[in-house]
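Visitor: Compact mmCIF, C-alpha atoms, file coords33.txt:
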# COMPACT_ATOMS: atom_id res chain seq x y z
CA MET A 1 -49.45 18.99 5.06
CA HIS A 2 -46.98 20.86 7.28
CA ARG A 3 -46.53 17.73 9.43
CA CYS A 4 -45.74 15.61 6.34
CA ALA A 5 -43.13 18.10 5.10
CA THR A 6 -41.51 18.23 8.53
CA THR A 7 -41.36 14.42 8.69
CA LEU A 8 -39.87 14.27 5.19
CA LEU A 9 -37.25 16.88 6.08
CA ALA A 10 -36.34 14.95 9.25
CA LEU A 11 -35.90 11.75 7.21
CA VAL A 12 -33.66 13.47 4.66
CA LEU A 13 -31.52 14.99 7.42
CA ALA A 14 -31.15 11.57 9.06
CA ILE A 15 -29.58 10.05 5.93
CA PRO A 16 -25.81 9.70 6.41
CA SER A 17 -23.86 12.30 4.48
CA SER A 18 -21.65 9.51 3.10
CA ILE A 19 -24.50 8.55 0.77
CA PHE A 20 -24.15 11.90 -0.95
CA ALA A 21 -20.35 11.85 -0.97
CA ALA A 22 -18.83 11.53 -4.41
CA GLU A 23 -16.81 8.41 -5.16
CA PRO A 24 -13.13 9.18 -5.64
CA PRO A 25 -11.92 9.00 -9.23
CA PRO A 26 -10.31 5.74 -10.37
CA LEU A 27 -6.87 5.10 -8.92
CA ARG A 28 -3.99 6.24 -11.15
CA ALA A 29 -0.72 4.33 -11.41
CA VAL A 30 2.52 6.05 -12.37
CA SER A 31 3.17 6.16 -16.12
CA ALA A 32 6.17 3.80 -16.11
CA VAL A 33 8.52 1.92 -13.78
CA ASP A 34 12.06 0.81 -14.58
CA LEU A 35 11.73 -2.68 -13.15
CA GLN A 36 15.49 -3.16 -12.77
CA ARG A 37 15.67 -0.05 -10.59
CA TYR A 38 12.58 -1.03 -8.60
CA LEU A 39 13.87 -4.49 -7.68
CA GLY A 40 15.57 -4.97 -4.32
CA LYS A 41 14.77 -4.23 -0.71
CA TRP A 42 12.02 -1.84 0.40
CA TYR A 43 11.26 -0.94 4.02
CA GLU A 44 7.64 -0.42 4.95
CA ILE A 45 7.23 3.09 6.33
CA ALA A 46 3.44 2.98 6.75
CA ARG A 47 0.46 0.87 5.73
CA LEU A 48 -3.28 0.65 5.94
CA PRO A 49 -4.06 -2.13 8.40
CA ARG A 50 -4.76 -5.44 6.65
CA PHE A 51 -5.62 -8.83 8.20
CA PHE A 52 -2.70 -10.56 6.50
CA GLN A 53 -0.24 -8.26 8.30
CA ARG A 54 -1.88 -8.41 11.71
CA GLN A 55 1.08 -10.35 13.14
CA CYS A 56 3.64 -7.72 12.03
CA ALA A 57 4.73 -5.53 14.94
CA SER A 58 7.85 -3.96 13.39
CA ASP A 59 10.65 -4.17 10.83
CA THR A 60 8.49 -4.97 7.81
CA ILE A 61 10.47 -5.39 4.59
CA ALA A 62 9.54 -6.38 1.03
CA GLU A 63 12.24 -7.69 -1.27
CA TYR A 64 11.59 -7.92 -5.01
CA LYS A 65 13.65 -10.26 -7.24
CA LEU A 66 13.29 -10.90 -10.95
CA ARG A 67 12.46 -14.47 -11.96
CA GLY A 68 13.65 -16.18 -15.12
CA ASP A 69 10.15 -16.05 -16.64
CA GLY A 70 9.98 -12.24 -16.33
CA GLY A 71 7.81 -12.38 -13.22
CA VAL A 72 8.84 -11.17 -9.80
CA THR A 73 9.32 -13.02 -6.52
CA ILE A 74 8.39 -11.04 -3.43
CA LEU A 75 9.64 -11.96 0.03
CA ASN A 76 7.92 -10.07 2.84
CA THR A 77 9.40 -10.27 6.31
CA CYS A 78 8.50 -8.66 9.60
CA LEU A 79 9.02 -9.09 13.30
CA LYS A 80 6.11 -10.31 15.38
CA ALA A 81 5.54 -8.92 18.87
CA ASP A 82 7.36 -11.92 20.39
CA GLY A 83 10.49 -11.15 18.32
CA GLU A 84 10.02 -14.04 15.89
CA VAL A 85 10.42 -13.38 12.17
CA SER A 86 7.36 -13.88 9.98
CA GLU A 87 7.90 -14.51 6.27
CA ALA A 88 5.56 -14.66 3.30
CA GLU A 89 6.78 -15.40 -0.21
CA GLY A 90 4.70 -14.51 -3.21
CA THR A 91 4.89 -14.04 -6.91
CA ALA A 92 3.92 -11.14 -9.10
CA ARG A 93 3.38 -10.72 -12.76
CA ILE A 94 3.38 -7.43 -14.58
CA GLU A 95 0.05 -6.40 -16.08
CA LYS A 96 0.42 -6.04 -19.83
CA GLY A 97 0.35 -2.47 -21.06
CA SER A 98 1.08 -1.00 -17.62
CA ASN A 99 4.76 -0.14 -18.24
CA ASN A 100 5.60 -2.17 -15.11
CA ALA A 101 3.43 0.04 -12.87
CA LYS A 102 0.72 -2.56 -12.15
CA LEU A 103 1.35 -5.96 -10.63
CA LYS A 104 -0.89 -8.94 -10.02
CA VAL A 105 0.45 -10.42 -6.76
CA SER A 106 -0.29 -13.76 -5.15
CA PHE A 107 0.90 -15.03 -1.78
CA LEU A 108 -1.69 -17.81 -1.70
CA PRO A 109 -2.51 -19.12 -5.20
CA PRO A 110 -4.98 -19.00 -6.79
CA LEU A 111 -5.91 -15.84 -4.85
CA SER A 112 -4.26 -12.67 -6.08
CA GLY A 113 -4.47 -8.94 -5.64
CA GLU A 114 -3.68 -5.92 -7.70
CA TYR A 115 -0.79 -3.77 -6.51
CA TRP A 116 -0.33 -0.51 -8.37
CA ILE A 117 2.62 1.81 -7.94
CA ILE A 118 0.86 5.17 -7.56
CA ALA A 119 3.90 7.26 -6.62
CA LEU A 120 7.58 6.76 -7.22
CA ASP A 121 10.49 9.00 -6.34
CA ARG A 122 12.51 9.81 -9.46
CA ASN A 123 15.58 8.31 -7.73
CA TYR A 124 13.63 5.21 -6.66
CA GLN A 125 14.15 6.01 -2.97
CA TRP A 126 10.48 5.83 -1.97
CA SER A 127 7.22 4.65 -3.47
CA VAL A 128 3.54 4.33 -2.71
CA VAL A 129 1.85 1.06 -3.63
CA ALA A 130 -1.91 0.53 -3.44
CA SER A 131 -4.77 -1.63 -4.57
CA PRO A 132 -7.21 -0.02 -7.02
CA ASN A 133 -10.12 -0.75 -4.66
CA ARG A 134 -8.29 1.36 -2.04
CA ASN A 135 -8.28 -1.41 0.59
CA SER A 136 -4.48 -1.55 0.69
CA LEU A 137 -1.77 1.10 0.73
CA TRP A 138 1.91 0.97 1.58
CA ILE A 139 4.52 3.70 1.76
CA LEU A 140 7.89 2.09 1.06
CA ALA A 141 11.45 3.39 1.18
CA ARG A 142 14.94 2.10 0.51
CA GLU A 143 15.98 2.96 4.07
CA PRO A 144 14.17 2.18 7.34
CA LYS A 145 13.48 5.89 7.87
CA LEU A 146 12.04 8.43 5.47
CA THR A 147 12.53 12.16 5.93
CA GLN A 148 9.46 14.12 6.96
CA ASP A 149 9.52 16.00 3.65
CA LYS A 150 9.43 12.76 1.64
CA THR A 151 6.84 11.24 3.96
CA ASP A 152 4.68 14.34 3.43
CA GLN A 153 5.06 13.94 -0.36
CA ALA A 154 3.93 10.31 -0.16
CA LEU A 155 1.01 11.19 2.12
CA LYS A 156 -0.05 13.96 -0.26
CA VAL A 157 -0.19 11.54 -3.19
CA ALA A 158 -2.19 9.03 -1.13
CA ARG A 159 -4.62 11.73 0.02
CA GLU A 160 -5.03 13.07 -3.55
CA GLN A 161 -5.77 9.52 -4.73
CA GLY A 162 -8.63 9.19 -2.26
CA PHE A 163 -7.02 7.42 0.72
CA ASP A 164 -7.77 8.31 4.33
CA VAL A 165 -4.18 8.75 5.53
CA LYS A 166 -5.35 9.09 9.15
CA LYS A 167 -5.86 5.31 9.10
CA LEU A 168 -2.21 4.60 8.27
CA VAL A 169 -0.10 2.64 10.74
CA PHE A 170 3.55 3.72 10.80
CA THR A 171 6.02 0.86 11.00
CA PRO A 172 8.82 0.97 13.57
CA HIS A 173 12.22 -0.34 12.53
CA GLY A 174 14.75 -1.37 15.15
CA LYS A 175 18.51 -1.47 14.81
CA GLY A 176 19.99 -4.92 14.42
CA SER A 177 16.74 -6.85 14.21
CA ARG A 178 16.82 -10.09 12.26
CA ALA A 179 14.17 -8.91 9.81
CA THR A 180 16.12 -5.76 9.00
CA GLN A 181 19.35 -7.68 8.40
CA LYS A 182 17.85 -10.22 6.00
Would you put the structure from the file into structure tokens?

Guide:
Amino acid sequence: MHRCATTLLALVLAIPSSIFAAEPPPLRAVSAVDLQRYLGKWYEIARLPRFFQRQCASDTIAEYKLRGDGGVTILNTCLKADGEVSEAEGTARIEKGSNNAKLKVSFLPPLSGEYWIIALDRNYQWSVVASPNRNSLWILAREPKLTQDKTDQALKVAREQGFDVKKLVFTPHGKGSRATQK
């Protein structure tokens, strides 16, 4: 009997602790976004690595413009390692009842993803955008650099919402690059 209990204990100890880890609570978007204030140019400060951005080496920018039908056009640009500009244009529609805080975005119809604004500076100078499945996260700012204090605030929100901020890639921005000037 002692041998059986020892074997059982060894099996239990061999189970990865992640099995017992609690799932993070559902992602929370901000309560409301003034879409007119949110539109415009945003510089990527940091992101979780995603396959669709693998070519982006620096100077990543997202520009949001209102369309006539109430949707949003998004133009993402970045510099590749060889200095060439990479562009991706997509569309977004606001999820009903989200007070403009949740977007359904598509860069390759009919595929789309959910992008929720989970943190937003009261002056609309920085934001944190994420997918509710926690596969994507971006820290964005109106300027190519964000102060350490504001970066720490954004990282705190991401961490509190269940993201592993150690996996973030910080985006360099160079002076005078074509992507930055667009």

Visitor: So, with all atoms listed in the file as the atoms that count, which of A:Leu168, A:Leu155, A:Leu103, A:Leu39 lies closest to Ser131 in chain A?

Guide: A:Leu103

Visitor: Gly97 in chain A: which residues within 12 Å, counting all atoms listed in the file, same-chain residues fewer than 3 positions away excluded, as a short mmCIF file (atom, residue, chain, number, x, y, z; two decimals) with C-alpha atoms, in the frame of the given file?

Guide:
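Output below, filename around_9.cif:
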data_model
loop_
_atom_site.label_atom_id
_atom_site.label_comp_id
_atom_site.auth_asym_id
_atom_site.auth_seq_id
_atom_site.Cartn_x
_atom_site.Cartn_y
_atom_site.Cartn_z
CA ALA A 29 -0.72 4.33 -11.41
CA SER A 31 3.17 6.16 -16.12
CA ALA A 32 6.17 3.80 -16.11
CA VAL A 33 8.52 1.92 -13.78
CA ILE A 94 3.38 -7.43 -14.58
CA ASN A 100 5.60 -2.17 -15.11
CA ALA A 101 3.43 0.04 -12.87
CA LYS A 102 0.72 -2.56 -12.15
CA LEU A 103 1.35 -5.96 -10.63
#

Visitor: Please tabulate, as JSON lines, the residues of range 63-83 of chain A that come within 12 Å of range 41-59 of chain A, each with its closest pair of atoms and the distance in Å to one decimal, counting all atoms listed in the file and ordering rows by chain, then residue number upward.

Guide:
{"residue": "A:Glu63", "atom": "CA", "partner": "A:Lys41", "partner_atom": "CA", "distance": 4.3}
{"residue": "A:Tyr64", "atom": "CA", "partner": "A:Lys41", "partner_atom": "CA", "distance": 6.5}
{"residue": "A:Lys65", "atom": "CA", "partner": "A:Lys41", "partner_atom": "CA", "distance": 9.0}
{"residue": "A:Thr73", "atom": "CA", "partner": "A:Lys41", "partner_atom": "CA", "distance": 11.9}
{"residue": "A:Ile74", "atom": "CA", "partner": "A:Lys41", "partner_atom": "CA", "distance": 9.7}
{"residue": "A:Leu75", "atom": "CA", "partner": "A:Lys41", "partner_atom": "CA", "distance": 9.3}
{"residue": "A:Asn76", "atom": "CA", "partner": "A:Trp42", "partner_atom": "CA", "distance": 9.5}
{"residue": "A:Thr77", "atom": "CA", "partner": "A:Asp59", "partner_atom": "CA", "distance": 7.7}
{"residue": "A:Cys78", "atom": "CA", "partner": "A:Asp59", "partner_atom": "CA", "distance": 5.1}
{"residue": "A:Leu79", "atom": "CA", "partner": "A:Ser58", "partner_atom": "CA", "distance": 5.3}
{"residue": "A:Lys80", "atom": "CA", "partner": "A:Cys56", "partner_atom": "CA", "distance": 4.9}
{"residue": "A:Ala81", "atom": "CA", "partner": "A:Ala57", "partner_atom": "CA", "distance": 5.3}
{"residue": "A:Asp82", "atom": "CA", "partner": "A:Ala57", "partner_atom": "CA", "distance": 8.8}
{"residue": "A:Gly83", "atom": "CA", "partner": "A:Ala57", "partner_atom": "CA", "distance": 8.7}

Visitor: Distance CA of Lys166 in chain A-CA of Pro25 in chain A, one decimal place?

Guide: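 That distance, rounded to one decimal, is 19.5 Å.
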
Visitor: Quick one: of A:Leu111, A:Leu120, A:Val105, A:Ala92, who's nearest to Asp34 in chain A, counting all atoms listed in the file?

Guide: A:Leu120

Visitor: Between A:Tyr124, A:Glu84, A:Ala119, A:Ser98, which has the minimum distance to Gln36 in chain A (counting only C-alpha atoms)?

Guide: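 Answer, going by the shortest atom-to-atom distance: A:Tyr124.
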
Visitor: Name the residues, using the chain letters and numbers of the file, that sit within 9 Å of (-13.3, 5.0, -2.2) when counting only C-alpha atoms, and give them as an MDAnalysis selection string.

Guide: chainID A and resid 22:26 133:135 162:163

Visitor: Under the rule that only C-alpha atoms are counted, which of A:Asp149, A:Thr171, A:Phe107, A:Asp164 is the nearest residue to Glu87 in chain A?

Guide: A:Phe107

Visitor: If you measure from CA of Gln125 in chain A to CA of Glu143 in chain A, what distance in Å do you get, rounded to one decimal?

Guide: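 Atom-to-atom, CA of Gln125 in chain A and CA of Glu143 in chain A are spaced 7.9 Å apart.
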
Visitor: Once you add 5 Å to each side, what are the centre and edge lengths of the axis-aligned box holding all listed atoms of range 31-49 of chain A? One decimal in Å, as JSON, if you can.

Guide:
{"center_x": 5.8, "center_y": 0.6, "center_z": -3.9, "size_x": 29.7, "size_y": 21.1, "size_z": 34.5}

Visitor: Let me make sure I understand: among A:Ser86, A:Gln161, A:Thr60, A:Ser136, which one has the smallest atom-to-atom distance to Glu114 in chain A if we use all atoms listed in the file?

Guide: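 For Glu114 in chain A, the nearest of the candidates is A:Ser136.
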
Visitor: So what do you get for CA of Asp152 in chain A versus CA of Asp121 in chain A, distance-wise?

Guide: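 Going from CA of Asp152 in chain A over to CA of Asp121 in chain A covers 12.6 Å.
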
Visitor: Which residue out of A:Gly90, A:Gln148, A:Trp126, A:Lys167 has the minimum interatomic distance to Ser112 in chain A when only C-alpha atoms are used?

Guide: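 The answer is A:Gly90, which sits nearest to Ser112 in chain A.
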